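Read the structure below first, then the notes.
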Amino acid sequence: GMTILGMMGEAPKLAPDESVTFLQHMLNRVNGRVPVIVGVSSPGLDNMARLCKAAMDAGAGGVMIAPAGGLTTEDKLYAYFAQVFEKLGPDIPVCYQDFPMTTGVNISTQLFSRLVADFPQLVMLKHEDWPGLNKLTAVRKLETDNGTRRVSILTGNGGLFLPMELERGADGAMTGFAYPEMLVSVVDLYRDGDKQKANDVFDAYLPLVRHEQQLGAGLAIRKEILRRRGAIACSASRAPGPRLSPADHDDISFLTARLERRIEELS
């Protein structure tokens with residue numbers, strides 16, 4: 001599957017019509033080969049609903065929503081998502097994006113379990129709390145203890161903790177990284193029971209995973225690597241955005257060359 005218009009990218013810098021043009025372009029290119037989840041988070045529910053309708057009409061598999069800022073209590077958070085689900089209707093699958101480092105909104109495992117029980121359209125958790133491994137374990141435990149339905153848990157944070165998250169009960173990764181084949185390989189190896197090889201593959205990419213996680217520069221680094229790999233034609237970030245120095249380019253060259261050597265050794 002794929003996720004588009006997420007937080008790490010430049011979705012917040014797009015005009016509404018650009019967002020629709022982009023999602024339609026991507027869904028046309030994917031052409032039903034894999035499910036696509038579209039980020040539709042917005043401070044206004046009307047804007048969210050319009051983007052959501054455009055995404056589903058274009059063939060999206062579901063939408064991803066992060067809580068709006070200022071939801072400082074669990075009662076406010078529950079009420080907000082009750083309004084969201086009422087606005088979107090029962091037929092649109094929703095992924096809850098739990099990314100308090102960016103949104104400033106924390107959700108307890110008990111409240112998430114309550115939302116799952118009360119709203120059938122909530123089918124997925126994007127797990128990006130940090131530290132969050134014990135939270136992931138607690139969500140899975142509550143499913144068992146309370147008998148609530150099992151939701152898919154896909155992880156973020158650039159894949160920085162992926163093997164440990166899989167060990168704790170995550171189903172896979174739902175995040176950006178300039179080498180997405182690593183994410184796929186680690187999940188597949190884990191699913192096949194080869195945890196040692198999964199960790200070996202992950203370790204080979206870890207310096208670049210870590211390098212991409214730099215606040216303020218990570219997006220520019222990722223876009224430049226994607227440009228070098230031929231995935232995009234231009235690595236410029238929309239203003240205001242980071243710009244890489246010559247030394248930054250040298251760092252990327254060093255890390256990618258080192259990665260290539262390590263991958264060759266592993267294969």
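Numbering starts fresh at 1 for the residues of each chain in the structure tokens, the chains themselves are lettered A, B, ... in the order given, and ligands are numbered from 1 as they appear.
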Contacts of segment 64-69 of chain A at 9 Å (only C-alpha atoms; same-chain gap of 4+ positions) as a PDB file with all heavy atoms, in the first residue's frame:
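Result written to around.pdb:
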```pdb
ATOM      1  N   THR A   3       0.775   5.643   1.269  1.00  0.00           N
ATOM      2  CA  THR A   3       0.143   6.782   1.921  1.00  0.00           C
ATOM      3  C   THR A   3       0.608   8.043   1.225  1.00  0.00           C
ATOM      4  O   THR A   3       1.797   8.193   0.946  1.00  0.00           O
ATOM      5  CB  THR A   3       0.528   6.858   3.412  1.00  0.00           C
ATOM      6  OG1 THR A   3       0.213   5.620   4.035  1.00  0.00           O
ATOM      7  CG2 THR A   3      -0.222   7.979   4.104  1.00  0.00           C
ATOM      8  N   GLY A   6       0.863  13.011   3.588  1.00  0.00           N
ATOM      9  CA  GLY A   6       1.126  12.857   5.009  1.00  0.00           C
ATOM     10  C   GLY A   6       1.840  14.070   5.576  1.00  0.00           C
ATOM     11  O   GLY A   6       2.093  15.065   4.895  1.00  0.00           O
ATOM     12  N   ILE A  37      -3.923   5.273   1.062  1.00  0.00           N
ATOM     13  CA  ILE A  37      -4.554   6.055   2.121  1.00  0.00           C
ATOM     14  C   ILE A  37      -4.127   7.504   1.957  1.00  0.00           C
ATOM     15  O   ILE A  37      -2.950   7.793   1.754  1.00  0.00           O
ATOM     16  CB  ILE A  37      -4.170   5.512   3.506  1.00  0.00           C
ATOM     17  CG1 ILE A  37      -4.770   4.117   3.687  1.00  0.00           C
ATOM     18  CG2 ILE A  37      -4.637   6.445   4.614  1.00  0.00           C
ATOM     19  CD1 ILE A  37      -4.406   3.454   4.988  1.00  0.00           C
ATOM     20  N   VAL A  38      -5.088   8.409   2.060  1.00  0.00           N
ATOM     21  CA  VAL A  38      -4.843   9.825   1.819  1.00  0.00           C
ATOM     22  C   VAL A  38      -4.982  10.608   3.121  1.00  0.00           C
ATOM     23  O   VAL A  38      -5.990  10.495   3.822  1.00  0.00           O
ATOM     24  CB  VAL A  38      -5.834  10.394   0.779  1.00  0.00           C
ATOM     25  CG1 VAL A  38      -5.559  11.875   0.516  1.00  0.00           C
ATOM     26  CG2 VAL A  38      -5.742   9.595  -0.526  1.00  0.00           C
ATOM     27  N   GLY A  39      -3.957  11.379   3.447  1.00  0.00           N
ATOM     28  CA  GLY A  39      -4.038  12.257   4.597  1.00  0.00           C
ATOM     29  C   GLY A  39      -4.978  13.414   4.324  1.00  0.00           C
ATOM     30  O   GLY A  39      -4.815  14.134   3.332  1.00  0.00           O
ATOM     31  N   VAL A  40      -5.985  13.590   5.193  1.00  0.00           N
ATOM     32  CA  VAL A  40      -6.987  14.640   4.971  1.00  0.00           C
ATOM     33  C   VAL A  40      -7.129  15.557   6.186  1.00  0.00           C
ATOM     34  O   VAL A  40      -8.100  16.308   6.282  1.00  0.00           O
ATOM     35  CB  VAL A  40      -8.368  14.031   4.614  1.00  0.00           C
ATOM     36  CG1 VAL A  40      -8.294  13.251   3.316  1.00  0.00           C
ATOM     37  CG2 VAL A  40      -8.893  13.155   5.749  1.00  0.00           C
ATOM     38  N   SER A  41      -6.194  15.506   7.115  1.00  0.00           N
ATOM     39  CA  SER A  41      -6.293  16.304   8.337  1.00  0.00           C
ATOM     40  C   SER A  41      -6.464  17.776   7.996  1.00  0.00           C
ATOM     41  O   SER A  41      -5.815  18.306   7.093  1.00  0.00           O
ATOM     42  CB  SER A  41      -5.036  16.116   9.192  1.00  0.00           C
ATOM     43  OG  SER A  41      -4.848  14.753   9.517  1.00  0.00           O
ATOM     44  N   SER A  42      -7.351  18.420   8.749  1.00  0.00           N
ATOM     45  CA  SER A  42      -7.622  19.839   8.507  1.00  0.00           C
ATOM     46  C   SER A  42      -8.266  20.421   9.752  1.00  0.00           C
ATOM     47  O   SER A  42      -9.043  19.737  10.441  1.00  0.00           O
ATOM     48  CB  SER A  42      -8.559  20.017   7.305  1.00  0.00           C
ATOM     49  OG  SER A  42      -8.940  21.369   7.165  1.00  0.00           O
ATOM     50  N   PRO A  43      -7.989  21.697  10.055  1.00  0.00           N
ATOM     51  CA  PRO A  43      -8.653  22.322  11.196  1.00  0.00           C
ATOM     52  C   PRO A  43     -10.168  22.448  11.015  1.00  0.00           C
ATOM     53  O   PRO A  43     -10.912  22.476  11.991  1.00  0.00           O
ATOM     54  CB  PRO A  43      -7.999  23.711  11.265  1.00  0.00           C
ATOM     55  CG  PRO A  43      -6.718  23.589  10.522  1.00  0.00           C
ATOM     56  CD  PRO A  43      -6.972  22.582   9.455  1.00  0.00           C
ATOM     57  N   GLY A  44     -10.621  22.538   9.764  1.00  0.00           N
ATOM     58  CA  GLY A  44     -12.051  22.682   9.484  1.00  0.00           C
ATOM     59  C   GLY A  44     -12.652  21.389   8.970  1.00  0.00           C
ATOM     60  O   GLY A  44     -12.117  20.780   8.036  1.00  0.00           O
ATOM     61  N   MET A  48     -12.028  19.164   5.463  1.00  0.00           N
ATOM     62  CA  MET A  48     -11.655  17.756   5.582  1.00  0.00           C
ATOM     63  C   MET A  48     -12.614  16.875   4.792  1.00  0.00           C
ATOM     64  O   MET A  48     -12.185  15.969   4.064  1.00  0.00           O
ATOM     65  CB  MET A  48     -11.673  17.337   7.055  1.00  0.00           C
ATOM     66  CG  MET A  48     -11.299  15.880   7.291  1.00  0.00           C
ATOM     67  SD  MET A  48     -11.580  15.366   9.017  1.00  0.00           S
ATOM     68  CE  MET A  48     -10.429  16.408   9.894  1.00  0.00           C
ATOM     69  N   LEU A  77     -11.110  15.303  22.998  1.00  0.00           N
ATOM     70  CA  LEU A  77     -10.608  14.479  21.905  1.00  0.00           C
ATOM     71  C   LEU A  77     -11.679  13.522  21.407  1.00  0.00           C
ATOM     72  O   LEU A  77     -11.880  13.354  20.199  1.00  0.00           O
ATOM     73  CB  LEU A  77      -9.368  13.723  22.373  1.00  0.00           C
ATOM     74  CG  LEU A  77      -8.603  12.906  21.335  1.00  0.00           C
ATOM     75  CD1 LEU A  77      -8.231  13.744  20.125  1.00  0.00           C
ATOM     76  CD2 LEU A  77      -7.341  12.305  21.962  1.00  0.00           C
ATOM     77  N   TYR A  80     -14.292  15.496  19.490  1.00  0.00           N
ATOM     78  CA  TYR A  80     -13.800  15.907  18.168  1.00  0.00           C
ATOM     79  C   TYR A  80     -13.955  14.769  17.166  1.00  0.00           C
ATOM     80  O   TYR A  80     -14.493  14.970  16.062  1.00  0.00           O
ATOM     81  CB  TYR A  80     -12.339  16.336  18.273  1.00  0.00           C
ATOM     82  CG  TYR A  80     -11.689  16.615  16.932  1.00  0.00           C
ATOM     83  CD1 TYR A  80     -11.924  17.797  16.251  1.00  0.00           C
ATOM     84  CD2 TYR A  80     -10.849  15.665  16.335  1.00  0.00           C
ATOM     85  CE1 TYR A  80     -11.341  18.049  15.015  1.00  0.00           C
ATOM     86  CE2 TYR A  80     -10.266  15.908  15.101  1.00  0.00           C
ATOM     87  CZ  TYR A  80     -10.513  17.095  14.449  1.00  0.00           C
ATOM     88  OH  TYR A  80      -9.940  17.329  13.223  1.00  0.00           O
ATOM     89  N   PHE A  81     -13.494  13.574  17.545  1.00  0.00           N
ATOM     90  CA  PHE A  81     -13.571  12.477  16.576  1.00  0.00           C
ATOM     91  C   PHE A  81     -15.005  11.995  16.375  1.00  0.00           C
ATOM     92  O   PHE A  81     -15.342  11.491  15.294  1.00  0.00           O
ATOM     93  CB  PHE A  81     -12.623  11.347  16.968  1.00  0.00           C
ATOM     94  CG  PHE A  81     -11.256  11.527  16.382  1.00  0.00           C
ATOM     95  CD1 PHE A  81     -10.258  12.156  17.113  1.00  0.00           C
ATOM     96  CD2 PHE A  81     -10.977  11.155  15.088  1.00  0.00           C
ATOM     97  CE1 PHE A  81      -9.006  12.373  16.562  1.00  0.00           C
ATOM     98  CE2 PHE A  81      -9.729  11.362  14.516  1.00  0.00           C
ATOM     99  CZ  PHE A  81      -8.743  11.976  15.268  1.00  0.00           C
ATOM    100  N   PRO A  93     -13.227   4.202   5.616  1.00  0.00           N
ATOM    101  CA  PRO A  93     -12.253   3.698   6.586  1.00  0.00           C
ATOM    102  C   PRO A  93     -11.293   4.799   7.008  1.00  0.00           C
ATOM    103  O   PRO A  93     -10.762   5.538   6.172  1.00  0.00           O
ATOM    104  CB  PRO A  93     -11.519   2.594   5.818  1.00  0.00           C
ATOM    105  CG  PRO A  93     -12.413   2.244   4.671  1.00  0.00           C
ATOM    106  CD  PRO A  93     -13.124   3.510   4.312  1.00  0.00           C
ATOM    107  N   VAL A  94     -11.065   4.903   8.313  1.00  0.00           N
ATOM    108  CA  VAL A  94     -10.246   5.980   8.868  1.00  0.00           C
ATOM    109  C   VAL A  94      -9.060   5.404   9.636  1.00  0.00           C
ATOM    110  O   VAL A  94      -9.198   4.452  10.405  1.00  0.00           O
ATOM    111  CB  VAL A  94     -11.079   6.881   9.795  1.00  0.00           C
ATOM    112  CG1 VAL A  94     -10.184   7.899  10.512  1.00  0.00           C
ATOM    113  CG2 VAL A  94     -12.167   7.600   9.005  1.00  0.00           C
ATOM    114  N   CYS A  95      -7.906   6.016   9.412  1.00  0.00           N
ATOM    115  CA  CYS A  95      -6.698   5.730  10.181  1.00  0.00           C
ATOM    116  C   CYS A  95      -6.466   6.899  11.136  1.00  0.00           C
ATOM    117  O   CYS A  95      -6.425   8.053  10.703  1.00  0.00           O
ATOM    118  CB  CYS A  95      -5.499   5.564   9.250  1.00  0.00           C
ATOM    119  SG  CYS A  95      -3.901   5.528  10.094  1.00  0.00           S
ATOM    120  N   TYR A  96      -6.331   6.596  12.427  1.00  0.00           N
ATOM    121  CA  TYR A  96      -6.022   7.626  13.422  1.00  0.00           C
ATOM    122  C   TYR A  96      -4.509   7.816  13.457  1.00  0.00           C
ATOM    123  O   TYR A  96      -3.765   6.880  13.741  1.00  0.00           O
ATOM    124  CB  TYR A  96      -6.524   7.197  14.803  1.00  0.00           C
ATOM    125  CG  TYR A  96      -6.287   8.231  15.898  1.00  0.00           C
ATOM    126  CD1 TYR A  96      -7.339   8.989  16.387  1.00  0.00           C
ATOM    127  CD2 TYR A  96      -5.021   8.453  16.436  1.00  0.00           C
ATOM    128  CE1 TYR A  96      -7.142   9.934  17.382  1.00  0.00           C
ATOM    129  CE2 TYR A  96      -4.813   9.400  17.426  1.00  0.00           C
ATOM    130  CZ  TYR A  96      -5.868  10.131  17.900  1.00  0.00           C
ATOM    131  OH  TYR A  96      -5.663  11.072  18.889  1.00  0.00           O
ATOM    132  N   GLN A  97      -4.052   9.042  13.182  1.00  0.00           N
ATOM    133  CA  GLN A  97      -2.615   9.326  13.226  1.00  0.00           C
ATOM    134  C   GLN A  97      -2.250   9.855  14.600  1.00  0.00           C
ATOM    135  O   GLN A  97      -2.592  10.982  14.974  1.00  0.00           O
ATOM    136  CB  GLN A  97      -2.206  10.325  12.144  1.00  0.00           C
ATOM    137  CG  GLN A  97      -0.693  10.539  12.104  1.00  0.00           C
ATOM    138  CD  GLN A  97      -0.224  11.304  10.884  1.00  0.00           C
ATOM    139  OE1 GLN A  97      -1.012  11.953  10.212  1.00  0.00           O
ATOM    140  NE2 GLN A  97       1.060  11.237  10.606  1.00  0.00           N
ATOM    141  N   ASP A  98      -1.531   9.045  15.340  1.00  0.00           N
ATOM    142  CA  ASP A  98      -1.128   9.387  16.700  1.00  0.00           C
ATOM    143  C   ASP A  98       0.306   9.899  16.677  1.00  0.00           C
ATOM    144  O   ASP A  98       1.255   9.129  16.803  1.00  0.00           O
ATOM    145  CB  ASP A  98      -1.252   8.141  17.592  1.00  0.00           C
ATOM    146  CG  ASP A  98      -0.955   8.445  19.049  1.00  0.00           C
ATOM    147  OD1 ASP A  98      -1.038   9.622  19.441  1.00  0.00           O
ATOM    148  OD2 ASP A  98      -0.637   7.503  19.796  1.00  0.00           O
ATOM    149  N   PHE A  99       0.444  11.218  16.517  1.00  0.00           N
ATOM    150  CA  PHE A  99       1.759  11.829  16.352  1.00  0.00           C
ATOM    151  C   PHE A  99       1.859  13.045  17.276  1.00  0.00           C
ATOM    152  O   PHE A  99       1.925  14.198  16.822  1.00  0.00           O
ATOM    153  CB  PHE A  99       1.941  12.232  14.895  1.00  0.00           C
ATOM    154  CG  PHE A  99       3.363  12.525  14.487  1.00  0.00           C
ATOM    155  CD1 PHE A  99       4.441  12.260  15.320  1.00  0.00           C
ATOM    156  CD2 PHE A  99       3.634  13.076  13.238  1.00  0.00           C
ATOM    157  CE1 PHE A  99       5.739  12.530  14.936  1.00  0.00           C
ATOM    158  CE2 PHE A  99       4.927  13.351  12.844  1.00  0.00           C
ATOM    159  CZ  PHE A  99       5.985  13.080  13.697  1.00  0.00           C
ATOM    160  N   THR A 103       1.445  17.167  16.739  1.00  0.00           N
ATOM    161  CA  THR A 103       0.113  17.718  16.995  1.00  0.00           C
ATOM    162  C   THR A 103      -0.021  18.307  18.396  1.00  0.00           C
ATOM    163  O   THR A 103      -0.870  19.175  18.623  1.00  0.00           O
ATOM    164  CB  THR A 103      -0.960  16.630  16.838  1.00  0.00           C
ATOM    165  OG1 THR A 103      -0.750  15.608  17.838  1.00  0.00           O
ATOM    166  CG2 THR A 103      -0.905  16.012  15.447  1.00  0.00           C
ATOM    167  N   GLY A 104       0.799  17.827  19.341  1.00  0.00           N
ATOM    168  CA  GLY A 104       0.660  18.253  20.728  1.00  0.00           C
ATOM    169  C   GLY A 104      -0.514  17.607  21.436  1.00  0.00           C
ATOM    170  O   GLY A 104      -0.855  17.984  22.559  1.00  0.00           O
ATOM    171  N   VAL A 105      -1.138  16.613  20.802  1.00  0.00           N
ATOM    172  CA  VAL A 105      -2.325  15.956  21.365  1.00  0.00           C
ATOM    173  C   VAL A 105      -1.983  14.503  21.701  1.00  0.00           C
ATOM    174  O   VAL A 105      -1.552  13.746  20.832  1.00  0.00           O
ATOM    175  CB  VAL A 105      -3.507  16.001  20.382  1.00  0.00           C
ATOM    176  CG1 VAL A 105      -4.708  15.273  20.966  1.00  0.00           C
ATOM    177  CG2 VAL A 105      -3.865  17.445  20.050  1.00  0.00           C
ATOM    178  N   MET A 124      -7.657   1.630  11.761  1.00  0.00           N
ATOM    179  CA  MET A 124      -6.197   1.595  11.743  1.00  0.00           C
ATOM    180  C   MET A 124      -5.631   2.648  12.684  1.00  0.00           C
ATOM    181  O   MET A 124      -6.215   3.717  12.861  1.00  0.00           O
ATOM    182  CB  MET A 124      -5.677   1.846  10.318  1.00  0.00           C
ATOM    183  CG  MET A 124      -4.165   1.775  10.158  1.00  0.00           C
ATOM    184  SD  MET A 124      -3.654   2.179   8.454  1.00  0.00           S
ATOM    185  CE  MET A 124      -4.349   0.784   7.558  1.00  0.00           C
ATOM    186  N   LYS A 126      -2.064   4.731  13.131  1.00  0.00           N
ATOM    187  CA  LYS A 126      -0.697   5.044  12.738  1.00  0.00           C
ATOM    188  C   LYS A 126       0.049   5.432  13.999  1.00  0.00           C
ATOM    189  O   LYS A 126      -0.192   6.479  14.594  1.00  0.00           O
ATOM    190  CB  LYS A 126      -0.624   6.169  11.705  1.00  0.00           C
ATOM    191  CG  LYS A 126       0.837   6.405  11.288  1.00  0.00           C
ATOM    192  CD  LYS A 126       1.005   7.354  10.140  1.00  0.00           C
ATOM    193  CE  LYS A 126       2.497   7.401   9.768  1.00  0.00           C
ATOM    194  NZ  LYS A 126       2.779   8.379   8.708  1.00  0.00           N
TER     195      LYS A 126
END
```
Shell around Gly89 of chain A at 12 Å using only C-alpha atoms, local window under 5 positions removed, as number ranges by chain: A: 49, 52-53, 81-84, 94, 119-122
So that I can see what lies close to segment 207-221 of chain A, please list as an MDAnalysis selection string the residues with an atom at most 8 Å from it, counting only C-alpha atoms and leaving out residues fewer than 2 positions away in the same chain. chainID A and resid 8:9 157:160 177 203:205 223:225 235:237 241:244 252 255:256
Give the strand (DSSP E) residues of segment 51-253 of chain A, as DSSP finds them on the backbone, and put them as a list of chain:residue names.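 Selection result, strand (DSSP E) within segment 51-253 of chain A: A:Gly62, A:Val63, A:Met64, A:Ile65, A:Val94, A:Cys95, A:Tyr96, A:Gln97, A:Asp98, A:Leu122, A:Val123, A:Met124, A:Leu125, A:Lys126, A:His127, A:Ser152, A:Ile153, A:Leu154, A:Thr155, A:Gly172, A:Ala173.
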Generate a file of the selected residues that holds all heavy atoms, formatted as a compact mmCIF listing (two decimals), in the first residue's frame.
```txt
# COMPACT_ATOMS: atom_id res chain seq x y z
N GLY A 62 -8.88 4.60 1.92
CA GLY A 62 -9.26 5.17 3.20
C GLY A 62 -8.56 6.48 3.39
O GLY A 62 -7.80 6.95 2.51
N VAL A 63 -8.78 7.10 4.55
CA VAL A 63 -8.17 8.38 4.84
C VAL A 63 -7.48 8.34 6.20
O VAL A 63 -7.82 7.53 7.06
CB VAL A 63 -9.22 9.52 4.82
CG1 VAL A 63 -9.84 9.65 3.44
CG2 VAL A 63 -10.28 9.33 5.89
N MET A 64 -6.51 9.23 6.36
CA MET A 64 -5.77 9.34 7.61
C MET A 64 -6.03 10.70 8.23
O MET A 64 -5.96 11.73 7.54
CB MET A 64 -4.27 9.14 7.38
CG MET A 64 -3.43 9.25 8.65
SD MET A 64 -1.73 8.71 8.40
CE MET A 64 -1.15 9.92 7.21
N ILE A 65 -6.33 10.70 9.53
CA ILE A 65 -6.69 11.94 10.21
C ILE A 65 -5.92 12.04 11.52
O ILE A 65 -5.93 11.11 12.33
CB ILE A 65 -8.21 12.00 10.50
CG1 ILE A 65 -9.00 11.92 9.19
CG2 ILE A 65 -8.56 13.27 11.27
CD1 ILE A 65 -10.49 11.76 9.38
N VAL A 94 -11.06 4.90 8.31
CA VAL A 94 -10.25 5.98 8.87
C VAL A 94 -9.06 5.40 9.64
O VAL A 94 -9.20 4.45 10.41
CB VAL A 94 -11.08 6.88 9.79
CG1 VAL A 94 -10.18 7.90 10.51
CG2 VAL A 94 -12.17 7.60 9.01
N CYS A 95 -7.91 6.02 9.41
CA CYS A 95 -6.70 5.73 10.18
C CYS A 95 -6.47 6.90 11.14
O CYS A 95 -6.42 8.05 10.70
CB CYS A 95 -5.50 5.56 9.25
SG CYS A 95 -3.90 5.53 10.09
N TYR A 96 -6.33 6.60 12.43
CA TYR A 96 -6.02 7.63 13.42
C TYR A 96 -4.51 7.82 13.46
O TYR A 96 -3.76 6.88 13.74
CB TYR A 96 -6.52 7.20 14.80
CG TYR A 96 -6.29 8.23 15.90
CD1 TYR A 96 -7.34 8.99 16.39
CD2 TYR A 96 -5.02 8.45 16.44
CE1 TYR A 96 -7.14 9.93 17.38
CE2 TYR A 96 -4.81 9.40 17.43
CZ TYR A 96 -5.87 10.13 17.90
OH TYR A 96 -5.66 11.07 18.89
N GLN A 97 -4.05 9.04 13.18
CA GLN A 97 -2.62 9.33 13.23
C GLN A 97 -2.25 9.86 14.60
O GLN A 97 -2.59 10.98 14.97
CB GLN A 97 -2.21 10.33 12.14
CG GLN A 97 -0.69 10.54 12.10
CD GLN A 97 -0.22 11.30 10.88
OE1 GLN A 97 -1.01 11.95 10.21
NE2 GLN A 97 1.06 11.24 10.61
N ASP A 98 -1.53 9.05 15.34
CA ASP A 98 -1.13 9.39 16.70
C ASP A 98 0.31 9.90 16.68
O ASP A 98 1.26 9.13 16.80
CB ASP A 98 -1.25 8.14 17.59
CG ASP A 98 -0.95 8.44 19.05
OD1 ASP A 98 -1.04 9.62 19.44
OD2 ASP A 98 -0.64 7.50 19.80
N LEU A 122 -13.29 3.34 12.26
CA LEU A 122 -11.91 3.49 12.71
C LEU A 122 -11.24 2.12 12.63
O LEU A 122 -11.52 1.22 13.43
CB LEU A 122 -11.87 4.02 14.14
CG LEU A 122 -10.49 4.20 14.77
CD1 LEU A 122 -9.58 5.07 13.92
CD2 LEU A 122 -10.61 4.76 16.18
N VAL A 123 -10.37 1.94 11.64
CA VAL A 123 -9.85 0.60 11.36
C VAL A 123 -8.32 0.50 11.49
O VAL A 123 -7.76 -0.58 11.34
CB VAL A 123 -10.25 0.15 9.93
CG1 VAL A 123 -11.77 0.06 9.81
CG2 VAL A 123 -9.68 1.09 8.88
N MET A 124 -7.66 1.63 11.76
CA MET A 124 -6.20 1.59 11.74
C MET A 124 -5.63 2.65 12.68
O MET A 124 -6.21 3.72 12.86
CB MET A 124 -5.68 1.85 10.32
CG MET A 124 -4.16 1.78 10.16
SD MET A 124 -3.65 2.18 8.45
CE MET A 124 -4.35 0.78 7.56
N LEU A 125 -4.50 2.32 13.28
CA LEU A 125 -3.73 3.26 14.09
C LEU A 125 -2.37 3.47 13.43
O LEU A 125 -1.64 2.50 13.18
CB LEU A 125 -3.52 2.71 15.50
CG LEU A 125 -2.56 3.50 16.41
CD1 LEU A 125 -3.10 4.89 16.71
CD2 LEU A 125 -2.28 2.74 17.70
N LYS A 126 -2.06 4.73 13.13
CA LYS A 126 -0.70 5.04 12.74
C LYS A 126 0.05 5.43 14.00
O LYS A 126 -0.19 6.48 14.59
CB LYS A 126 -0.62 6.17 11.70
CG LYS A 126 0.84 6.40 11.29
CD LYS A 126 1.00 7.35 10.14
CE LYS A 126 2.50 7.40 9.77
NZ LYS A 126 2.78 8.38 8.71
N HIS A 127 0.95 4.57 14.37
CA HIS A 127 1.63 4.65 15.67
C HIS A 127 2.90 5.47 15.53
O HIS A 127 3.88 5.02 14.94
CB HIS A 127 1.94 3.23 16.14
CG HIS A 127 2.80 3.15 17.35
ND1 HIS A 127 4.17 3.07 17.29
CD2 HIS A 127 2.49 3.14 18.66
CE1 HIS A 127 4.68 3.00 18.51
NE2 HIS A 127 3.67 3.05 19.36
N SER A 152 -5.62 -2.61 12.49
CA SER A 152 -4.27 -2.62 11.94
C SER A 152 -3.45 -1.54 12.62
O SER A 152 -3.93 -0.43 12.84
CB SER A 152 -4.33 -2.37 10.43
OG SER A 152 -3.03 -2.25 9.89
N ILE A 153 -2.21 -1.86 12.97
CA ILE A 153 -1.28 -0.86 13.50
C ILE A 153 -0.10 -0.77 12.55
O ILE A 153 0.62 -1.75 12.33
CB ILE A 153 -0.78 -1.22 14.91
CG1 ILE A 153 -1.95 -1.28 15.90
CG2 ILE A 153 0.24 -0.17 15.39
CD1 ILE A 153 -1.53 -1.65 17.32
N LEU A 154 0.07 0.40 11.95
CA LEU A 154 1.20 0.67 11.07
C LEU A 154 2.01 1.80 11.69
O LEU A 154 1.45 2.72 12.27
CB LEU A 154 0.74 1.02 9.66
CG LEU A 154 -0.09 -0.06 8.96
CD1 LEU A 154 -0.52 0.40 7.57
CD2 LEU A 154 0.69 -1.36 8.85
N THR A 155 3.31 1.73 11.57
CA THR A 155 4.18 2.64 12.32
C THR A 155 4.77 3.73 11.44
O THR A 155 4.84 3.61 10.22
CB THR A 155 5.31 1.86 13.00
OG1 THR A 155 6.14 1.26 11.99
CG2 THR A 155 4.76 0.76 13.88
N GLY A 172 3.05 -3.44 10.25
CA GLY A 172 3.94 -2.99 9.19
C GLY A 172 4.28 -1.53 9.38
O GLY A 172 4.02 -0.94 10.43
N ALA A 173 4.85 -0.94 8.35
CA ALA A 173 5.27 0.46 8.39
C ALA A 173 4.39 1.29 7.47
O ALA A 173 3.96 0.83 6.41
CB ALA A 173 6.73 0.58 7.96
```
Hey, can you check how far atom CA of Glu165 of chain A sits from atom CA of Gly132 of chain A? 8.8 Å
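Between atom CA of Phe85 of chain A and atom CA of Phe112 of chain A the interatomic distance comes to 14.0 Å.
Going from atom CA of Ala60 of chain A over to atom CA of Val36 of chain A, you cover 5.2 Å.
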Could you pull out the alpha helix (DSSP H) residues of segment 23-79 of chain A from DSSP and send them as a ChimeraX atom specification? /A:23-30,45-57,74-79
